[in-house]
>>> print(open('run_13.cif').read())   # mmCIF, C-alpha atoms
data_structure
loop_
_atom_site.label_atom_id
_atom_site.label_comp_id
_atom_site.auth_asym_id
_atom_site.auth_seq_id
_atom_site.Cartn_x
_atom_site.Cartn_y
_atom_site.Cartn_z
CA MET A 172 35.30 64.01 -36.21
CA ARG A 173 38.60 63.62 -34.40
CA PRO A 174 41.73 63.98 -36.55
CA PRO A 175 44.07 60.99 -36.81
CA SER A 176 47.16 60.82 -34.66
CA VAL A 177 50.31 62.45 -36.02
CA ASP A 178 51.99 59.07 -36.40
CA VAL A 179 49.07 57.46 -38.24
CA LEU A 180 48.74 60.41 -40.60
CA ALA A 181 52.49 60.48 -41.24
CA ARG A 182 52.56 56.75 -42.05
CA SER A 183 49.68 57.15 -44.49
CA LEU A 184 51.91 59.48 -46.53
CA ALA A 185 54.86 57.09 -46.82
CA ASP A 186 54.22 56.52 -50.54
CA THR A 187 55.35 60.11 -51.24
CA GLY A 188 58.93 58.93 -50.69
CA LEU A 189 59.75 61.50 -48.00
CA PRO A 190 61.63 60.36 -44.86
CA HIS A 191 59.38 59.69 -41.86
CA PRO A 192 60.70 62.68 -39.82
CA LEU A 193 59.61 65.04 -42.62
CA LEU A 194 56.22 63.34 -42.86
CA VAL A 195 55.77 63.77 -39.12
CA GLU A 196 56.50 67.47 -39.55
CA VAL A 197 53.94 67.73 -42.35
CA ALA A 198 51.33 65.79 -40.38
CA ARG A 199 51.84 67.84 -37.24
CA ALA A 200 51.50 71.13 -39.15
CA ALA A 201 48.38 69.95 -40.99
CA ILE A 202 46.67 68.82 -37.77
CA ALA A 203 47.61 72.04 -35.98
CA ASP A 204 45.95 74.01 -38.78
CA GLY A 205 42.84 71.83 -38.67
CA ASP A 206 43.64 70.62 -42.18
CA HIS A 207 44.60 66.96 -41.83
CA GLN A 208 42.82 66.27 -45.14
CA GLY A 209 45.37 68.53 -46.85
CA ALA A 210 48.38 66.71 -45.42
CA ARG A 211 48.99 64.78 -48.65
CA SER A 212 49.12 67.90 -50.80
CA ARG A 213 51.52 69.43 -48.27
CA ALA A 214 53.75 66.36 -48.47
CA VAL A 215 53.69 66.45 -52.27
CA ASP A 216 54.59 70.15 -52.22
CA MET A 217 57.52 69.42 -49.92
CA GLN A 218 58.73 66.57 -52.11
CA ARG A 219 58.55 68.74 -55.23
CA SER A 220 60.53 71.49 -53.50
CA LEU A 221 63.57 69.19 -53.32
CA LEU A 222 66.33 69.17 -55.92
CA GLN A 223 65.35 66.78 -58.72
CA PRO A 224 65.71 66.17 -62.48
CA VAL A 225 63.56 68.15 -64.91
CA ILE A 226 63.22 68.25 -68.69
CA ASN A 227 64.45 71.57 -70.03
CA ALA A 228 62.19 72.31 -72.99
CA THR A 229 62.72 76.09 -72.85
CA GLY A 230 65.18 76.37 -75.73
CA VAL A 231 67.73 77.95 -73.37
CA LEU A 232 70.78 75.69 -73.49
CA LEU A 233 72.47 77.06 -70.37
CA HIS A 234 69.43 77.89 -68.27
CA THR A 235 70.78 79.28 -64.98
CA ASN A 236 67.62 78.33 -63.06
CA LEU A 237 67.88 74.77 -64.38
CA GLY A 238 71.55 74.22 -63.51
CA ARG A 239 73.15 75.58 -66.71
CA ALA A 240 75.16 72.93 -68.60
CA PRO A 241 73.71 69.43 -68.12
CA LEU A 242 76.36 67.04 -66.86
CA GLY A 243 77.04 63.77 -68.66
CA VAL A 244 79.56 62.29 -66.23
CA GLU A 245 79.28 59.74 -63.45
CA VAL A 246 81.44 59.51 -60.34
CA ALA A 247 82.23 56.11 -58.83
CA ALA A 248 81.55 55.45 -55.14
CA SER A 249 85.21 55.06 -54.32
CA ALA A 250 88.11 56.67 -52.54
CA THR A 251 90.34 58.71 -54.87
CA ASN A 252 93.85 60.12 -54.92
CA LEU A 253 92.38 63.63 -54.46
CA GLU A 254 95.34 64.83 -52.38
CA PHE A 255 97.61 61.81 -52.55
CA ASP A 256 100.64 61.40 -54.81
CA LEU A 257 100.59 57.81 -56.03
CA ALA A 258 104.22 58.02 -57.23
CA SER A 259 105.76 59.18 -53.95
CA GLY A 260 103.18 57.93 -51.47
CA LYS A 261 103.04 61.40 -49.93
CA ARG A 262 100.42 64.10 -49.71
CA GLY A 263 99.60 65.62 -53.10
CA SER A 264 97.62 68.57 -54.41
CA ARG A 265 94.02 68.59 -55.56
CA SER A 266 94.98 71.26 -58.09
CA VAL A 267 97.11 69.08 -60.34
CA HIS A 268 94.52 66.72 -61.83
CA ALA A 269 91.77 68.71 -63.53
CA GLY A 270 93.86 71.89 -63.50
CA GLY A 271 96.72 70.29 -65.39
CA LEU A 272 94.43 68.82 -68.03
CA LEU A 273 92.50 72.06 -68.53
CA ALA A 274 95.80 73.90 -68.98
CA ARG A 275 96.76 71.49 -71.77
CA ALA A 276 93.35 71.82 -73.38
CA CYS A 277 93.52 75.62 -73.63
CA GLY A 278 97.28 76.11 -74.14
CA ALA A 279 98.04 77.58 -70.72
CA GLU A 280 101.13 76.98 -68.59
CA ALA A 281 98.94 76.08 -65.61
CA ALA A 282 95.35 76.20 -64.37
CA HIS A 283 93.61 76.17 -61.02
CA VAL A 284 89.95 75.25 -60.34
CA VAL A 285 87.77 76.97 -57.73
CA ASN A 286 84.07 76.65 -56.95
CA ASN A 287 82.63 79.21 -59.41
CA GLY A 288 83.51 82.09 -61.71
CA ALA A 289 82.97 84.82 -59.13
CA ALA A 290 85.31 82.97 -56.76
CA ALA A 291 87.97 82.90 -59.47
CA VAL A 292 87.72 86.68 -59.90
CA LEU A 293 87.85 87.22 -56.13
CA LEU A 294 90.90 84.97 -55.70
CA VAL A 295 92.88 86.51 -58.55
CA LEU A 296 92.31 90.05 -57.33
CA ALA A 297 93.01 89.20 -53.68
CA ALA A 298 96.19 87.29 -54.52
CA LEU A 299 97.63 89.68 -57.09
CA ALA A 300 96.20 93.14 -56.39
CA ARG A 301 95.20 93.63 -52.75
CA ASP A 302 95.65 97.31 -51.74
CA ARG A 303 96.72 98.17 -55.28
CA ASP A 304 95.12 99.81 -58.32
CA VAL A 305 93.27 97.77 -60.94
CA PRO A 306 92.06 99.70 -64.01
CA VAL A 307 88.79 98.51 -65.58
CA SER A 308 86.93 100.06 -68.50
CA ARG A 309 83.65 101.71 -67.50
CA GLY A 310 82.02 99.69 -70.28
CA GLU A 311 83.06 96.45 -68.55
CA LEU A 312 81.82 97.04 -64.99
CA VAL A 313 79.29 94.30 -65.47
CA GLU A 314 76.52 92.86 -63.35
CA ILE A 315 75.35 89.30 -63.91
CA GLY A 316 72.41 87.36 -62.47
CA GLY A 317 72.00 87.29 -58.71
CA GLY A 318 73.48 90.76 -58.24
CA PHE A 319 77.14 89.85 -58.89
CA ARG A 320 78.87 93.12 -59.76
CA VAL A 321 82.52 93.50 -60.67
CA PRO A 322 82.99 96.64 -58.48
CA ASP A 323 81.55 94.82 -55.45
CA VAL A 324 83.75 91.74 -55.86
CA MET A 325 86.75 93.96 -56.41
CA ALA A 326 86.01 95.83 -53.17
CA GLU A 327 85.77 92.55 -51.25
CA SER A 328 89.11 91.43 -52.68
CA GLY A 329 90.89 94.51 -51.34
CA ALA A 330 91.91 95.73 -54.79
CA ARG A 331 91.28 99.39 -55.68
CA LEU A 332 89.08 99.91 -58.71
CA VAL A 333 90.27 102.56 -61.15
CA GLU A 334 87.65 103.33 -63.77
CA VAL A 335 88.98 104.23 -67.20
CA GLY A 336 87.36 105.36 -70.45
CA THR A 337 83.62 105.77 -70.89
CA THR A 338 80.68 103.41 -71.15
CA ASN A 339 81.00 103.07 -74.93
CA ARG A 340 84.61 104.08 -75.75
CA THR A 341 87.80 103.08 -73.96
CA ARG A 342 91.13 103.66 -75.70
CA LEU A 343 94.65 102.39 -75.03
CA ALA A 344 95.58 105.92 -73.89
CA ASP A 345 93.05 105.61 -71.05
CA TYR A 346 94.96 102.64 -69.68
CA GLU A 347 98.37 104.21 -70.36
CA ARG A 348 97.59 107.07 -67.98
CA VAL A 349 97.20 104.72 -65.02
CA ALA A 350 99.32 101.69 -65.96
CA ALA A 351 102.40 102.78 -64.00
CA HIS A 352 100.61 102.30 -60.67
CA ALA A 353 98.50 99.29 -61.64
CA ALA A 354 98.93 95.85 -60.10
CA LEU A 355 97.34 94.39 -63.22
CA LEU A 356 95.07 95.37 -66.08
CA PHE A 357 91.64 93.75 -65.79
CA LYS A 358 89.44 93.18 -68.83
CA VAL A 359 85.91 91.78 -68.55
CA HIS A 360 84.08 90.15 -71.46
CA GLN A 361 80.64 91.68 -72.01
CA SER A 362 79.10 88.22 -72.11
CA ASN A 363 75.52 89.03 -71.12
CA TYR A 364 74.94 92.31 -72.99
CA ALA A 365 76.15 94.17 -76.07
CA ILE A 366 77.11 97.79 -76.67
CA VAL A 367 76.68 98.82 -80.31
CA GLY A 368 76.98 102.00 -82.29
CA PHE A 369 79.61 104.63 -81.50
CA THR A 370 82.00 102.33 -79.65
CA GLU A 371 85.71 101.66 -79.23
CA ASP A 372 87.45 98.91 -77.32
CA THR A 373 91.04 98.17 -76.34
CA SER A 374 92.23 94.72 -77.34
CA VAL A 375 94.14 92.26 -75.18
CA GLN A 376 97.04 92.51 -77.60
CA GLU A 377 97.21 96.28 -77.06
CA LEU A 378 96.98 95.99 -73.28
CA ALA A 379 99.83 93.47 -73.26
CA THR A 380 102.20 96.22 -74.47
CA LEU A 381 101.77 98.34 -71.32
CA GLY A 382 103.72 96.29 -68.79
CA PRO A 383 101.38 95.11 -66.00
CA ALA A 384 99.95 91.61 -66.17
CA VAL A 385 96.75 91.39 -68.22
CA VAL A 386 93.91 89.42 -66.62
CA VAL A 387 90.81 88.69 -68.71
CA ASP A 388 87.52 87.48 -67.27
CA LEU A 389 85.98 85.67 -70.24
CA GLY A 390 83.17 84.20 -68.19
CA SER A 391 81.65 82.07 -70.95
CA GLY A 392 84.44 79.51 -71.10
CA LEU A 393 84.88 78.70 -74.80
CA LEU A 394 88.21 76.85 -74.76
CA ASP A 395 89.30 77.24 -78.37
CA ALA A 396 87.72 79.26 -81.18
CA ALA A 397 88.73 76.50 -83.63
CA THR A 398 86.56 73.97 -81.72
CA PRO A 399 88.79 71.00 -82.65
CA TRP A 400 86.41 68.71 -80.73
CA LEU A 401 83.70 69.33 -83.37
CA ASP A 402 84.03 67.43 -86.66
CA ASP A 403 82.48 70.25 -88.69
CA GLY A 404 84.43 73.05 -87.03
CA PRO A 405 82.95 76.02 -85.20
CA PRO A 406 79.25 76.74 -85.80
CA ALA A 407 78.40 80.13 -87.23
CA TRP A 408 76.82 81.37 -83.99
CA LEU A 409 80.24 81.20 -82.27
CA ALA A 410 81.89 83.58 -84.72
CA SER A 411 82.25 86.57 -82.38
CA GLU A 412 82.79 84.72 -79.10
CA PRO A 413 86.31 85.16 -77.60
CA ALA A 414 88.03 81.94 -76.55
CA VAL A 415 90.55 81.08 -73.86
CA ARG A 416 93.34 79.78 -76.11
CA GLN A 417 93.22 82.75 -78.47
CA THR A 418 93.02 85.23 -75.58
CA LEU A 419 96.18 83.74 -74.06
CA ASP A 420 97.87 83.78 -77.46
CA ALA A 421 96.98 87.48 -77.78
CA GLY A 422 99.00 88.27 -74.66
CA ALA A 423 96.75 87.71 -71.64
CA ASP A 424 98.69 86.51 -68.60
CA LEU A 425 95.63 84.99 -66.93
CA VAL A 426 92.19 84.08 -68.21
CA ILE A 427 89.24 83.41 -65.90
CA PHE A 428 86.21 81.41 -67.04
CA SER A 429 83.27 79.36 -65.77
CA GLY A 430 82.95 75.60 -65.85
CA ASP A 431 79.19 75.33 -66.38
CA LYS A 432 78.77 77.54 -69.43
CA LEU A 433 80.33 76.87 -72.85
CA LEU A 434 82.81 74.48 -71.26
CA GLY A 435 79.86 72.18 -70.58
CA GLY A 436 80.96 71.06 -67.12
CA PRO A 437 79.91 71.48 -63.49
CA GLN A 438 79.68 74.77 -61.64
CA ALA A 439 83.30 75.83 -61.19
CA GLY A 440 85.68 78.66 -61.94
CA VAL A 441 89.00 78.25 -63.76
CA ILE A 442 92.10 80.43 -63.56
CA ALA A 443 94.46 79.63 -66.44
CA GLY A 444 97.67 81.17 -67.73
CA ARG A 445 101.16 81.95 -66.45
CA ALA A 446 102.38 79.31 -64.00
CA ASP A 447 103.77 81.81 -61.48
CA LEU A 448 100.51 83.77 -61.31
CA VAL A 449 98.38 80.63 -61.07
CA ALA A 450 100.65 79.39 -58.26
CA ALA A 451 100.29 82.69 -56.39
CA CYS A 452 96.50 82.29 -56.53
CA ALA A 453 96.61 78.62 -55.49
CA GLN A 454 98.83 79.44 -52.49
CA HIS A 455 96.69 82.34 -51.24
CA PRO A 456 94.77 81.70 -47.98
CA LEU A 457 91.45 82.28 -49.77
CA ALA A 458 92.17 79.36 -52.10
CA ARG A 459 91.23 76.83 -49.43
CA ALA A 460 87.90 78.53 -48.75
CA LEU A 461 87.11 78.65 -52.47
CA ARG A 462 88.25 75.18 -53.46
CA PRO A 463 85.77 72.69 -54.94
CA GLY A 464 85.20 69.19 -53.62
CA GLY A 465 86.31 65.92 -55.12
CA LEU A 466 83.05 65.38 -57.02
CA VAL A 467 83.42 68.65 -58.93
CA LEU A 468 87.10 68.05 -59.62
CA ASP A 469 86.38 64.53 -60.86
CA ALA A 470 83.71 65.90 -63.19
CA MET A 471 86.04 68.66 -64.42
CA GLN A 472 88.75 66.09 -65.11
CA LYS A 473 86.32 64.03 -67.22
CA VAL A 474 85.28 67.15 -69.12
CA ALA A 475 88.91 68.11 -69.77
CA LEU A 476 89.70 64.59 -70.99
CA ALA A 477 86.75 64.75 -73.38
CA TYR A 478 88.19 67.91 -74.92
CA LEU A 479 91.68 66.44 -75.19
CA ARG A 480 90.24 63.30 -76.83
CA ARG A 481 88.07 65.48 -79.08
CA GLU A 482 84.98 63.59 -77.96
CA ALA A 483 82.30 66.26 -78.08
CA ASP A 484 79.55 63.63 -77.81
CA VAL A 485 80.54 63.11 -74.17
CA LEU A 486 79.47 66.69 -73.45
CA PRO A 487 75.66 67.11 -73.56
CA PHE A 488 75.91 70.86 -74.16
CA TRP A 489 77.77 70.41 -77.45
CA ARG A 490 75.50 67.54 -78.54
CA MET A 491 72.48 69.76 -78.05
CA ALA A 492 74.00 72.96 -79.40
CA THR A 493 75.19 71.37 -82.65
CA ALA A 494 72.26 69.03 -83.41
CA SER A 495 71.00 69.64 -86.93
CA VAL A 496 67.58 71.15 -87.50
CA GLU A 497 66.75 68.11 -89.62
CA SER A 498 67.44 65.73 -86.73
CA LEU A 499 65.32 67.85 -84.39
CA ARG A 500 62.47 67.87 -86.91
CA ALA A 501 62.61 64.09 -87.22
CA ARG A 502 62.39 63.75 -83.43
CA ALA A 503 59.47 66.19 -83.28
CA GLU A 504 57.52 64.28 -85.92
CA ALA A 505 58.24 60.97 -84.17
CA LEU A 506 56.67 62.24 -80.94
CA GLY A 507 53.24 62.09 -82.59
CA VAL A 508 51.69 64.81 -80.48
CA GLY A 509 51.13 68.53 -80.99
CA GLY A 510 52.31 70.55 -83.96
CA VAL A 511 55.87 70.81 -85.25
CA VAL A 512 57.05 74.43 -85.21
CA GLU A 513 60.23 76.30 -86.01
CA THR A 514 61.83 77.99 -83.01
CA MET A 515 64.99 79.89 -82.09
CA ALA A 516 67.09 78.56 -79.20
CA VAL A 517 69.59 80.66 -77.25
CA THR A 518 72.72 79.77 -75.31
CA GLY A 519 71.66 81.51 -72.07
CA GLY A 520 73.67 81.44 -68.85
CA GLY A 521 74.89 85.00 -69.39
CA THR A 522 76.51 84.14 -72.73
CA MET A 523 76.10 85.59 -76.23
CA PRO A 524 72.98 87.74 -75.69
CA ASP A 525 72.52 88.48 -79.40
CA VAL A 526 72.85 84.90 -80.69
CA GLU A 527 69.94 82.70 -81.79
CA ILE A 528 70.21 79.10 -82.98
CA PRO A 529 67.56 77.72 -85.35
CA SER A 530 65.63 74.91 -83.72
CA ILE A 531 62.44 72.84 -83.79
CA GLY A 532 59.75 72.49 -81.15
CA ILE A 533 56.35 71.00 -80.39
CA ALA A 534 53.42 73.37 -79.88
CA LEU A 535 50.13 72.74 -78.06
CA GLY A 536 47.37 75.32 -78.21
CA GLY A 537 46.80 77.10 -74.91
CA ASP A 538 48.85 77.52 -71.75
CA HIS A 539 49.89 74.15 -70.30
CA VAL A 540 53.09 75.14 -68.51
CA ASP A 541 51.65 74.52 -65.04
CA ALA A 542 50.40 71.06 -65.98
CA LEU A 543 53.73 70.13 -67.58
CA ARG A 544 55.60 71.37 -64.54
CA SER A 545 53.43 69.09 -62.38
CA HIS A 546 54.33 65.97 -64.37
CA VAL A 547 56.14 63.12 -62.54
CA LEU A 548 59.30 64.24 -64.36
CA PRO A 549 58.64 68.00 -64.54
CA VAL A 550 58.75 69.55 -67.99
CA ILE A 551 59.76 73.22 -68.13
CA ALA A 552 58.30 74.87 -71.23
CA ARG A 553 57.26 78.34 -72.37
CA VAL A 554 54.23 80.04 -73.90
CA ARG A 555 54.52 81.73 -77.29
CA ASP A 556 51.65 83.33 -79.25
CA GLY A 557 49.01 81.55 -77.19
CA SER A 558 50.60 78.10 -77.47
CA THR A 559 52.80 76.05 -75.18
CA VAL A 560 56.10 75.35 -76.94
CA CYS A 561 58.64 72.66 -76.05
CA ASP A 562 61.96 73.30 -77.83
CA LEU A 563 63.69 69.99 -78.61
CA ARG A 564 67.19 71.46 -78.85
CA THR A 565 67.41 71.51 -75.07
CA VAL A 566 65.69 68.14 -74.54
CA ASP A 567 67.86 65.03 -74.31
CA PRO A 568 66.65 62.49 -76.93
CA GLY A 569 66.42 59.93 -74.13
CA ASP A 570 63.61 62.03 -72.64
CA ASP A 571 61.52 62.23 -75.82
CA GLU A 572 59.12 59.44 -74.80
CA THR A 573 58.58 61.01 -71.38
CA LEU A 574 58.01 64.41 -72.99
CA ALA A 575 55.47 62.90 -75.40
CA GLY A 576 53.59 61.35 -72.49
CA ALA A 577 53.52 64.64 -70.60
CA LEU A 578 52.20 66.45 -73.68
CA ARG A 579 49.50 63.83 -74.29
CA SER A 580 48.30 64.26 -70.72
CA CYS A 581 47.58 67.91 -71.58
CA THR A 582 45.40 67.13 -74.62
#
>>> encode(input="run_13.cif", output="structure tokens")
Amino acid sequence: MRPPSVDVLARSLADTGLPHPLLVEVARAAIADGDHQGARSRAVDMQRSLLQPVINATGVLLHTNLGRAPLGVEVAASATNLEFDLASGKRGSRSVHAGGLLARACGAEAAHVVNNGAAAVLLVLAALARDRDVPVSRGELVEIGGGFRVPDVMAESGARLVEVGTTNRTRLADYERVAAHAALLFKVHQSNYAIVGFTEDTSVQELATLGPAVVVDLGSGLLDAATPWLDDGPPAWLASEPAVRQTLDAGADLVIFSGDKLLGGPQAGVIAGRADLVAACAQHPLARALRPGGLVLDAMQKVALAYLRREADVLPFWRMATASVESLRARAEALGVGGVVETMAVTGGGTMPDVEIPSIGIALGGDHVDALRSHVLPVIARVRDGSTVCDLRTVDPGDDETLAGALRSCT
């Protein structure tokens, strides 16, 4: 039997939603392999490899593989005053909009937004410490997902790493011995691991007494430990998490943090603190290469405005993280499928490794994660004790009906 022509086979796959040039590619490959009957499965595989929405039922609030903080903002299809000063009619700066609002929200003199947290670290070190010494505690030479290591980024920036202290104990005296030649003192929050036992740390307040500027990479991005955007105040699981406002108040000259972690925004990096240091970073040649586009800046502006208005409900991360167990249980019972089980959610995204948040999930006996992942709107779940568990803390309530349908298809 002769195979169909490439064009005929490609047109028969149009219902997959892929553009015709991609379908032609799929059809041509299938025919070349003598597998024209498998062309549809190839097209489906290609379609599912594209970026698309999924339901995060893992119980990991900031799941790095699933985009970390879910965004609850929309951007209009319109020109903007991204780099245009409406008052003067002249060219403006893309740094003033979101950066200015974030500075107000965390109590900084100024703030500058770049495209991610690693970029913020790179820019600060290149702008303020190239060819100069930067002391870092050996207990803070962190590595995060994807192989990002502080020593490697520091080497790329041109700054000279000076290791001080030991893995578990670093005292003020360790910094004092090298402070005279330091461009700045760099402190890194141990956001994705914990060192316990025989330990000692040097506080930001202590470092601020030594002279050089103190730069703190907080990573996680909690703006204010008081969480004034939450009606009931800070939840118990935030008790030990350092925040930007309090770190600046303790004497830090600059604080670096991510946009898509506890801030609840898009992937971005923020440099906040002293106006002169922020300006030096913004004016460095690397700043242009590391700048975010208008869509990210628009989203960051909306996030900053939500904090200033104390409207936590605008931020999906905080809605999910602070939902009561009772409300989650009511949703689970309303689904009418599977068994209601108690679970423990985590923040994820390289934040608070020892924190668990009580939650509620739906359990189906057996391993159904592959079937759920193949649903029209893929559901990402996990297997626990021989059952497939969907944690509702990380599922938007608007997706409950879809989740219920996906679970029923597995029974």
>>> closest_residue(input="run_13.cif", among="A:Arg490, A:Arg303, A:Arg342, A:His546", to="A:Leu378", atoms="only C-alpha atoms")
A:Arg342
>>> residues_around(input="run_13.cif", residues="A:Gly507", least_positions_apart="5", cutoff="10 Å", atoms="all atoms listed in the file", output="list in words")
Arg502, Ile533, Ala575, Leu578 and Arg579 of chain A
>>> write_last_selection(input="run_13.cif", atoms="C-alpha atoms", output="PDB file, in the frame of the given file")
ATOM      1  CA  ARG A 502      62.390  63.750 -83.430  1.00  0.00           C
ATOM      2  CA  ILE A 533      56.350  71.000 -80.390  1.00  0.00           C
ATOM      3  CA  ALA A 575      55.470  62.900 -75.400  1.00  0.00           C
ATOM      4  CA  LEU A 578      52.200  66.450 -73.680  1.00  0.00           C
ATOM      5  CA  ARG A 579      49.500  63.830 -74.290  1.00  0.00           C
TER       6      ARG A 579
END
>>> closest_residue(input="run_13.cif", among="A:Glu334, A:Arg500, A:Val195, A:Val550", to="A:Val225", atoms="all atoms listed in the file")
A:Val550
>>> closest_residue(input="run_13.cif", among="A:Leu296, A:Leu543, A:Ala353, A:Leu563", to="A:Met325", atoms="all atoms listed in the file")
A:Leu296
>>> resolve_selection(input="run_13.cif", expression="the PyMOL selection byres ((chain A and resi 434) around 8)", output="count of residues only")
11
>>> atom_distance(input="run_13.cif", atom1="atom CA of A:Leu232", atom2="atom CA of A:Pro406")
15.0 Å
>>> closest_atom_pairs(input="run_13.cif", of="stretch 472-538 of chain A", to="stretch 237-249 of chain A", cutoff="9 Å", atoms="only C-alpha atoms", output="CSV")
residue,atom,partner,partner_atom,distance
A:Lys473,CA,A:Val244,CA,7.1
A:Val474,CA,A:Val244,CA,8.0
A:Val485,CA,A:Gly243,CA,6.6
A:Leu486,CA,A:Gly243,CA,6.1
A:Pro487,CA,A:Gly243,CA,6.1
A:Phe488,CA,A:Ala240,CA,6.0
A:Gly519,CA,A:Arg239,CA,8.1
A:Gly520,CA,A:Arg239,CA,6.3
>>> closest_residue(input="run_13.cif", among="A:Val566, A:Ala210, A:Leu425, A:Ala577", to="A:Gly278", atoms="all atoms listed in the file")
A:Leu425
>>> closest_residue(input="run_13.cif", among="A:Ala185, A:Leu389, A:Ala453, A:Ala505", to="A:Val285", atoms="all atoms listed in the file")
A:Ala453
>>> resolve_selection(input="run_13.cif", expression="the PyMOL selection byres ((chain A and resi 339) around 6)", output="ChimeraX atom specification")
/A:310,337-338,340,370
>>> atom_distance(input="run_13.cif", atom1="atom CA of A:Asp562", atom2="atom CA of A:Ser530")
7.1 Å
>>> atom_distance(input="run_13.cif", atom1="atom CA of A:Val512", atom2="atom CA of A:Ile531")
5.8 Å
>>> residues_near_point(input="run_13.cif", point="(86.8, 88.3, -58.9)", cutoff="8 Å", atoms="all atoms listed in the file", output="NGL selection string")
:A and (288-296 or 321 or 324-325 or 328)
>>> decode(input="run_13.cif", residues="stretch 524-575 of chain A", atoms="C-alpha atoms", output="short mmCIF file (atom, residue, chain, number, x, y, z; two decimals), in the first residue's frame")
data_model
loop_
_atom_site.label_atom_id
_atom_site.label_comp_id
_atom_site.auth_asym_id
_atom_site.auth_seq_id
_atom_site.Cartn_x
_atom_site.Cartn_y
_atom_site.Cartn_z
CA PRO A 524 13.46 23.87 52.83
CA ASP A 525 12.31 22.90 56.33
CA VAL A 526 8.79 24.39 56.15
CA GLU A 527 5.60 22.38 55.63
CA ILE A 528 2.10 23.82 55.33
CA PRO A 529 -0.90 21.67 56.33
CA SER A 530 -3.11 20.98 53.34
CA ILE A 531 -5.82 18.74 51.89
CA GLY A 532 -5.72 16.54 48.81
CA ILE A 533 -7.62 13.97 46.80
CA ALA A 534 -6.24 10.42 46.64
CA LEU A 535 -6.91 7.72 44.04
CA GLY A 536 -5.58 4.21 44.59
CA GLY A 537 -2.77 3.30 42.22
CA ASP A 538 -0.42 5.28 40.01
CA HIS A 539 -2.33 7.55 37.62
CA VAL A 540 0.22 10.32 37.11
CA ASP A 541 0.82 9.43 33.45
CA ALA A 542 -2.89 9.44 32.66
CA LEU A 543 -3.43 12.76 34.45
CA ARG A 544 -0.48 14.27 32.63
CA SER A 545 -2.09 13.22 29.32
CA HIS A 546 -5.36 15.02 30.07
CA VAL A 547 -6.44 17.85 27.72
CA LEU A 548 -5.38 20.26 30.47
CA PRO A 549 -2.47 18.30 31.97
CA VAL A 550 -2.65 17.61 35.69
CA ILE A 551 0.69 17.24 37.47
CA ALA A 552 0.29 15.07 40.58
CA ARG A 553 2.42 12.79 42.73
CA VAL A 554 2.31 9.25 44.10
CA ARG A 555 2.32 8.67 47.86
CA ASP A 556 1.98 5.29 49.60
CA GLY A 557 0.63 3.61 46.49
CA SER A 558 -1.97 6.30 45.73
CA THR A 559 -2.05 9.24 43.36
CA VAL A 560 -2.47 12.43 45.38
CA CYS A 561 -3.63 15.82 44.08
CA ASP A 562 -2.92 18.56 46.65
CA LEU A 563 -5.57 21.29 46.42
CA ARG A 564 -3.43 24.01 47.98
CA THR A 565 -1.64 24.47 44.68
CA VAL A 566 -4.76 24.10 42.49
CA ASP A 567 -6.67 27.25 41.54
CA PRO A 568 -10.34 26.84 42.62
CA GLY A 569 -11.33 27.73 39.06
CA ASP A 570 -9.70 24.47 37.94
CA ASP A 571 -11.55 22.23 40.40
CA GLU A 572 -14.15 21.05 37.87
CA THR A 573 -11.46 20.23 35.31
CA LEU A 574 -9.45 18.38 37.96
CA ALA A 575 -12.54 16.38 38.97
#
